[in-house]
Amino acid sequence: PNNAGRLRLCYPDVSEDAHNYDSWCKVYAVYGDSFTKSSIDTGEVANGRKVYNAMMVDDLKDKLKRVRTVTHKLGTVEHVEANKARNFRRKLERYMDSANEVNYGQYWPLVKRCKVLGRWDVLKSGAQFVDAPGVNDDNSSRDKMVAQY
């Protein structure tokens with residue numbers, strides 16, 4: 001059969017040296033297992049096992065549009081407030097930390113900027129506080145995002 005236009009997810013080909021690794025990491029961080037488990041049951045059985053085909057690109061796009069775990073925030077501005085520093089940090093981590101469970105989606109690839117306002121004496125001179133945990137990060141996508149700031 002003609003496989004032109006089919007999207008095949010071949011994990012061994014996605015290495016940190018691959019030119020598409022950064023994009024793959026971002027898509028996987030946002031969509032998690034919904035992205036990687038993208039095959040269609042053909043209804044056929046071979047050697048006692050179900051046969052699956054890779055999704056067509058348009059099928060995958062349609063599937064990912066329905067996964068709104070993270071993407072429902074696109075185009076919005078989130079306001080986060082807390083009275084205690086620890087609670088504030090926890091609320092911010094949801095949008096900036098890449099350590100949360102990938103099965104539930106991550107926001108970091110979609111967050112354009114995080115502006116934190118507060119009454120801190122150390123910033124009265126006009127200095128800016130930049131949280132840059134992505135510098136020398138194992139994930140080159142986050143490292144590049146910070147370097148572009």
# chains A, B, ... in the order shown; residues from 1 in each chain; ligands from 1
$ select_by_dssp --residues "range 36-132 of chain A" --states "alpha helix (DSSP H)" --output "mmCIF file with N, CA and C atoms, in the first residue's frame"
data_model
loop_
_atom_site.group_PDB
_atom_site.id
_atom_site.type_symbol
_atom_site.label_atom_id
_atom_site.label_comp_id
_atom_site.auth_asym_id
_atom_site.auth_seq_id
_atom_site.Cartn_x
_atom_site.Cartn_y
_atom_site.Cartn_z
ATOM 1 N N THR A 36 1.971 10.254 21.302
ATOM 2 C CA THR A 36 2.765 9.074 20.962
ATOM 3 C C THR A 36 1.920 7.854 20.646
ATOM 4 N N VAL A 57 -1.440 12.470 8.727
ATOM 5 C CA VAL A 57 -1.137 13.734 9.401
ATOM 6 C C VAL A 57 -2.419 14.480 9.769
ATOM 7 N N ASP A 58 -3.381 14.536 8.848
ATOM 8 C CA ASP A 58 -4.639 15.239 9.139
ATOM 9 C C ASP A 58 -5.406 14.574 10.282
ATOM 10 N N ASP A 59 -5.356 13.222 10.343
ATOM 11 C CA ASP A 59 -6.011 12.502 11.443
ATOM 12 C C ASP A 59 -5.371 12.862 12.776
ATOM 13 N N LEU A 60 -4.036 12.938 12.792
ATOM 14 C CA LEU A 60 -3.333 13.291 14.023
ATOM 15 C C LEU A 60 -3.662 14.726 14.433
ATOM 16 N N LYS A 61 -3.702 15.640 13.485
ATOM 17 C CA LYS A 61 -4.062 17.033 13.802
ATOM 18 C C LYS A 61 -5.450 17.092 14.426
ATOM 19 N N ASP A 62 -6.409 16.378 13.824
ATOM 20 C CA ASP A 62 -7.771 16.363 14.369
ATOM 21 C C ASP A 62 -7.796 15.789 15.778
ATOM 22 N N LYS A 63 -7.036 14.729 16.003
ATOM 23 C CA LYS A 63 -6.986 14.111 17.332
ATOM 24 C C LYS A 63 -6.414 15.084 18.357
ATOM 25 N N LEU A 64 -5.303 15.735 18.003
ATOM 26 C CA LEU A 64 -4.653 16.637 18.956
ATOM 27 C C LEU A 64 -5.491 17.890 19.226
ATOM 28 N N LYS A 65 -6.309 18.303 18.273
ATOM 29 C CA LYS A 65 -7.206 19.443 18.513
ATOM 30 C C LYS A 65 -8.217 19.123 19.612
ATOM 31 N N ARG A 66 -8.556 17.863 19.759
ATOM 32 C CA ARG A 66 -9.526 17.463 20.787
ATOM 33 C C ARG A 66 -8.874 17.303 22.163
ATOM 34 N N ALA A 85 5.056 32.972 49.802
ATOM 35 C CA ALA A 85 6.005 32.705 48.719
ATOM 36 C C ALA A 85 5.948 31.245 48.261
ATOM 37 N N ARG A 86 5.858 30.319 49.188
ATOM 38 C CA ARG A 86 5.832 28.897 48.832
ATOM 39 C C ARG A 86 4.595 28.560 47.979
ATOM 40 N N ASN A 87 3.440 29.089 48.363
ATOM 41 C CA ASN A 87 2.217 28.853 47.592
ATOM 42 C C ASN A 87 2.295 29.508 46.214
ATOM 43 N N PHE A 88 2.886 30.686 46.177
ATOM 44 C CA PHE A 88 3.054 31.393 44.912
ATOM 45 C C PHE A 88 3.938 30.585 43.964
ATOM 46 N N ARG A 89 5.054 30.094 44.490
ATOM 47 C CA ARG A 89 5.967 29.282 43.694
ATOM 48 C C ARG A 89 5.261 28.045 43.151
ATOM 49 N N ARG A 90 4.493 27.376 43.969
ATOM 50 C CA ARG A 90 3.778 26.175 43.531
ATOM 51 C C ARG A 90 2.798 26.477 42.411
ATOM 52 N N LYS A 91 2.128 27.607 42.513
ATOM 53 C CA LYS A 91 1.184 27.983 41.458
ATOM 54 C C LYS A 91 1.908 28.306 40.150
ATOM 55 N N LEU A 92 3.069 28.965 40.255
ATOM 56 C CA LEU A 92 3.853 29.288 39.058
ATOM 57 C C LEU A 92 4.456 28.041 38.414
ATOM 58 N N GLU A 93 4.850 27.084 39.216
ATOM 59 C CA GLU A 93 5.479 25.862 38.696
ATOM 60 C C GLU A 93 4.596 25.167 37.671
ATOM 61 N N ARG A 94 3.315 25.270 37.846
ATOM 62 C CA ARG A 94 2.382 24.620 36.922
ATOM 63 C C ARG A 94 2.612 25.084 35.484
ATOM 64 N N TYR A 95 3.041 26.328 35.325
ATOM 65 C CA TYR A 95 3.203 26.904 33.998
ATOM 66 C C TYR A 95 4.642 26.935 33.503
ATOM 67 N N MET A 96 5.599 26.778 34.387
ATOM 68 C CA MET A 96 6.995 26.927 33.980
ATOM 69 C C MET A 96 7.855 25.701 34.210
#
$ residues_around --residues "Asp33 in chain A" --least-positions-apart "2" --cutoff "12 Å" --atoms "only C-alpha atoms" --output "list in words"
Val27, Tyr28, Ala29, Val30, Tyr31, Phe35, Thr36, Lys37, Ser38, Ser39, Lys63, Leu64, Val67, Thr69, Glu101, Val102, Asn103, Tyr104, Gly105 and Gln106 of chain A
$ atom_distance --atom1 "CA of Lys84 in chain A" --atom2 "CA of Pro109 in chain A"
26.7 Å
$ atom_distance --atom1 "CA of Thr76 in chain A" --atom2 "CA of Leu110 in chain A"
10.8 Å
$ residues_around --residues "range 118-123 of chain A" --least-positions-apart "3" --cutoff "12 Å" --atoms "only C-alpha atoms" --output "short mmCIF file (atom, residue, chain, number, x, y, z; two decimals) with all heavy atoms, in the first residue's frame"
data_model
loop_
_atom_site.label_atom_id
_atom_site.label_comp_id
_atom_site.auth_asym_id
_atom_site.auth_seq_id
_atom_site.Cartn_x
_atom_site.Cartn_y
_atom_site.Cartn_z
N VAL A 80 -1.92 34.87 38.61
CA VAL A 80 -1.68 33.99 39.75
C VAL A 80 -1.35 34.86 40.95
O VAL A 80 -0.51 35.75 40.87
CB VAL A 80 -0.51 33.02 39.45
CG1 VAL A 80 -0.19 32.17 40.66
CG2 VAL A 80 -0.83 32.16 38.25
N GLU A 81 -2.01 34.60 42.06
CA GLU A 81 -1.75 35.34 43.29
C GLU A 81 -1.68 34.37 44.46
O GLU A 81 -2.34 33.34 44.46
CB GLU A 81 -2.86 36.34 43.55
CG GLU A 81 -2.96 37.46 42.54
CD GLU A 81 -4.05 38.46 42.87
OE1 GLU A 81 -4.48 38.52 44.05
OE2 GLU A 81 -4.47 39.18 41.96
N ALA A 82 -0.87 34.73 45.43
CA ALA A 82 -0.78 33.96 46.67
C ALA A 82 -0.18 34.86 47.74
O ALA A 82 0.60 35.77 47.44
CB ALA A 82 0.06 32.71 46.49
N ASN A 83 -0.56 34.62 48.99
CA ASN A 83 -0.04 35.43 50.09
C ASN A 83 1.31 34.94 50.59
O ASN A 83 2.06 35.70 51.17
CB ASN A 83 -1.05 35.45 51.25
CG ASN A 83 -2.29 36.23 50.88
OD1 ASN A 83 -2.23 37.18 50.11
ND2 ASN A 83 -3.43 35.82 51.41
N LYS A 84 1.61 33.69 50.38
CA LYS A 84 2.88 33.13 50.85
C LYS A 84 3.74 32.75 49.66
O LYS A 84 3.26 32.25 48.65
CB LYS A 84 2.62 31.90 51.72
CG LYS A 84 1.90 32.23 53.00
CD LYS A 84 1.79 31.04 53.89
CE LYS A 84 1.10 31.44 55.19
NZ LYS A 84 1.03 30.34 56.14
N ALA A 85 5.06 32.97 49.80
CA ALA A 85 6.00 32.71 48.72
C ALA A 85 5.95 31.24 48.26
O ALA A 85 5.98 30.96 47.06
CB ALA A 85 7.42 33.06 49.17
N PHE A 88 2.89 30.69 46.18
CA PHE A 88 3.05 31.39 44.91
C PHE A 88 3.94 30.58 43.96
O PHE A 88 3.62 30.41 42.79
CB PHE A 88 3.65 32.77 45.18
CG PHE A 88 3.70 33.68 43.99
CD1 PHE A 88 2.55 34.00 43.30
CD2 PHE A 88 4.90 34.22 43.58
CE1 PHE A 88 2.60 34.86 42.20
CE2 PHE A 88 4.96 35.07 42.49
CZ PHE A 88 3.81 35.39 41.81
N LYS A 115 5.51 37.18 33.77
CA LYS A 115 5.86 38.46 34.41
C LYS A 115 5.37 38.40 35.85
O LYS A 115 4.19 38.24 36.11
CB LYS A 115 5.19 39.61 33.66
CG LYS A 115 5.63 40.96 34.11
CD LYS A 115 5.06 42.03 33.18
CE LYS A 115 5.60 43.38 33.54
NZ LYS A 115 5.13 44.41 32.61
N GLY A 126 15.11 49.12 39.61
CA GLY A 126 14.79 48.87 38.21
C GLY A 126 15.39 47.58 37.68
O GLY A 126 15.23 47.24 36.51
N ALA A 127 16.11 46.90 38.55
CA ALA A 127 16.68 45.61 38.14
C ALA A 127 15.56 44.64 37.80
O ALA A 127 14.44 44.75 38.32
CB ALA A 127 17.53 45.04 39.27
N GLN A 128 15.85 43.71 36.92
CA GLN A 128 14.86 42.70 36.54
C GLN A 128 15.32 41.33 37.04
O GLN A 128 16.50 41.00 36.96
CB GLN A 128 14.68 42.64 35.03
CG GLN A 128 14.03 43.87 34.47
CD GLN A 128 13.74 43.72 32.98
OE1 GLN A 128 14.10 42.73 32.37
NE2 GLN A 128 13.10 44.71 32.42
N PHE A 129 14.39 40.59 37.53
CA PHE A 129 14.65 39.23 37.98
C PHE A 129 14.25 38.29 36.85
O PHE A 129 13.13 38.32 36.37
CB PHE A 129 13.82 38.92 39.23
CG PHE A 129 13.89 37.50 39.67
CD1 PHE A 129 15.02 36.99 40.26
CD2 PHE A 129 12.80 36.65 39.48
CE1 PHE A 129 15.08 35.67 40.67
CE2 PHE A 129 12.86 35.34 39.87
CZ PHE A 129 14.00 34.85 40.48
N VAL A 130 15.20 37.48 36.37
CA VAL A 130 14.91 36.52 35.31
C VAL A 130 15.22 35.13 35.84
O VAL A 130 16.35 34.83 36.19
CB VAL A 130 15.76 36.80 34.05
CG1 VAL A 130 15.49 35.76 32.98
CG2 VAL A 130 15.49 38.20 33.53
#
$ closest_residue --among "A:Asp97, A:Asp41, A:Arg49, A:Tyr107" --to "Arg68 in chain A" --atoms "only C-alpha atoms"
A:Tyr107
$ select_by_dssp --residues "range 9-136 of chain A" --states "strand (DSSP E or B)" --output "PyMOL selection string"
chain A and resi 39-46+49-54+56
$ write_last_selection --atoms "N, CA, C and O atoms" --output "PDB file, in the first residue's frame"
ATOM      1  N   SER A  39      -2.151   5.703  16.550  1.00  0.00           N
ATOM      2  CA  SER A  39      -2.308   4.720  15.485  1.00  0.00           C
ATOM      3  C   SER A  39      -3.783   4.347  15.390  1.00  0.00           C
ATOM      4  O   SER A  39      -4.558   4.585  16.301  1.00  0.00           O
ATOM      5  N   ILE A  40      -4.140   3.770  14.260  1.00  0.00           N
ATOM      6  CA  ILE A  40      -5.530   3.437  13.992  1.00  0.00           C
ATOM      7  C   ILE A  40      -5.668   1.918  13.892  1.00  0.00           C
ATOM      8  O   ILE A  40      -4.922   1.264  13.165  1.00  0.00           O
ATOM      9  N   ASP A  41      -6.619   1.385  14.627  1.00  0.00           N
ATOM     10  CA  ASP A  41      -6.914  -0.052  14.585  1.00  0.00           C
ATOM     11  C   ASP A  41      -7.526  -0.368  13.223  1.00  0.00           C
ATOM     12  O   ASP A  41      -8.550   0.198  12.853  1.00  0.00           O
ATOM     13  N   THR A  42      -6.903  -1.267  12.469  1.00  0.00           N
ATOM     14  CA  THR A  42      -7.396  -1.612  11.138  1.00  0.00           C
ATOM     15  C   THR A  42      -8.540  -2.611  11.188  1.00  0.00           C
ATOM     16  O   THR A  42      -9.221  -2.825  10.195  1.00  0.00           O
ATOM     17  N   GLY A  43      -8.736  -3.221  12.356  1.00  0.00           N
ATOM     18  CA  GLY A  43      -9.749  -4.264  12.474  1.00  0.00           C
ATOM     19  C   GLY A  43      -9.227  -5.620  12.025  1.00  0.00           C
ATOM     20  O   GLY A  43      -9.924  -6.627  12.107  1.00  0.00           O
ATOM     21  N   GLU A  44      -7.996  -5.665  11.554  1.00  0.00           N
ATOM     22  CA  GLU A  44      -7.371  -6.909  11.106  1.00  0.00           C
ATOM     23  C   GLU A  44      -6.571  -7.534  12.238  1.00  0.00           C
ATOM     24  O   GLU A  44      -6.162  -6.853  13.180  1.00  0.00           O
ATOM     25  N   VAL A  45      -6.346  -8.838  12.121  1.00  0.00           N
ATOM     26  CA  VAL A  45      -5.527  -9.573  13.083  1.00  0.00           C
ATOM     27  C   VAL A  45      -4.489 -10.357  12.298  1.00  0.00           C
ATOM     28  O   VAL A  45      -4.808 -11.019  11.313  1.00  0.00           O
ATOM     29  N   ALA A  46      -3.244 -10.283  12.717  1.00  0.00           N
ATOM     30  CA  ALA A  46      -2.161 -11.048  12.096  1.00  0.00           C
ATOM     31  C   ALA A  46      -1.342 -11.694  13.196  1.00  0.00           C
ATOM     32  O   ALA A  46      -0.942 -11.024  14.151  1.00  0.00           O
ATOM     33  N   ARG A  49      -2.452 -10.984  16.718  1.00  0.00           N
ATOM     34  CA  ARG A  49      -2.343  -9.614  17.250  1.00  0.00           C
ATOM     35  C   ARG A  49      -3.081  -8.642  16.348  1.00  0.00           C
ATOM     36  O   ARG A  49      -3.115  -8.805  15.136  1.00  0.00           O
ATOM     37  N   LYS A  50      -3.668  -7.613  16.968  1.00  0.00           N
ATOM     38  CA  LYS A  50      -4.337  -6.570  16.191  1.00  0.00           C
ATOM     39  C   LYS A  50      -3.321  -5.855  15.305  1.00  0.00           C
ATOM     40  O   LYS A  50      -2.166  -5.667  15.696  1.00  0.00           O
ATOM     41  N   VAL A  51      -3.771  -5.413  14.146  1.00  0.00           N
ATOM     42  CA  VAL A  51      -2.914  -4.681  13.222  1.00  0.00           C
ATOM     43  C   VAL A  51      -3.311  -3.205  13.278  1.00  0.00           C
ATOM     44  O   VAL A  51      -4.492  -2.867  13.186  1.00  0.00           O
ATOM     45  N   TYR A  52      -2.315  -2.365  13.437  1.00  0.00           N
ATOM     46  CA  TYR A  52      -2.533  -0.922  13.508  1.00  0.00           C
ATOM     47  C   TYR A  52      -1.775  -0.236  12.377  1.00  0.00           C
ATOM     48  O   TYR A  52      -0.701  -0.671  11.996  1.00  0.00           O
ATOM     49  N   ASN A  53      -2.341   0.834  11.867  1.00  0.00           N
ATOM     50  CA  ASN A  53      -1.666   1.687  10.889  1.00  0.00           C
ATOM     51  C   ASN A  53      -1.343   3.012  11.548  1.00  0.00           C
ATOM     52  O   ASN A  53      -2.074   3.466  12.438  1.00  0.00           O
ATOM     53  N   ALA A  54      -0.275   3.627  11.080  1.00  0.00           N
ATOM     54  CA  ALA A  54       0.048   4.974  11.555  1.00  0.00           C
ATOM     55  C   ALA A  54      -1.031   5.930  11.056  1.00  0.00           C
ATOM     56  O   ALA A  54      -1.604   5.736   9.995  1.00  0.00           O
ATOM     57  N   MET A  56      -2.724   9.246   9.512  1.00  0.00           N
ATOM     58  CA  MET A  56      -2.406  10.266   8.516  1.00  0.00           C
ATOM     59  C   MET A  56      -2.207  11.567   9.281  1.00  0.00           C
ATOM     60  O   MET A  56      -2.744  11.760  10.374  1.00  0.00           O
TER      61      MET A  56
END
$ atom_distance --atom1 "CA of Trp108 in chain A" --atom2 "CA of Met55 in chain A"
26.4 Å
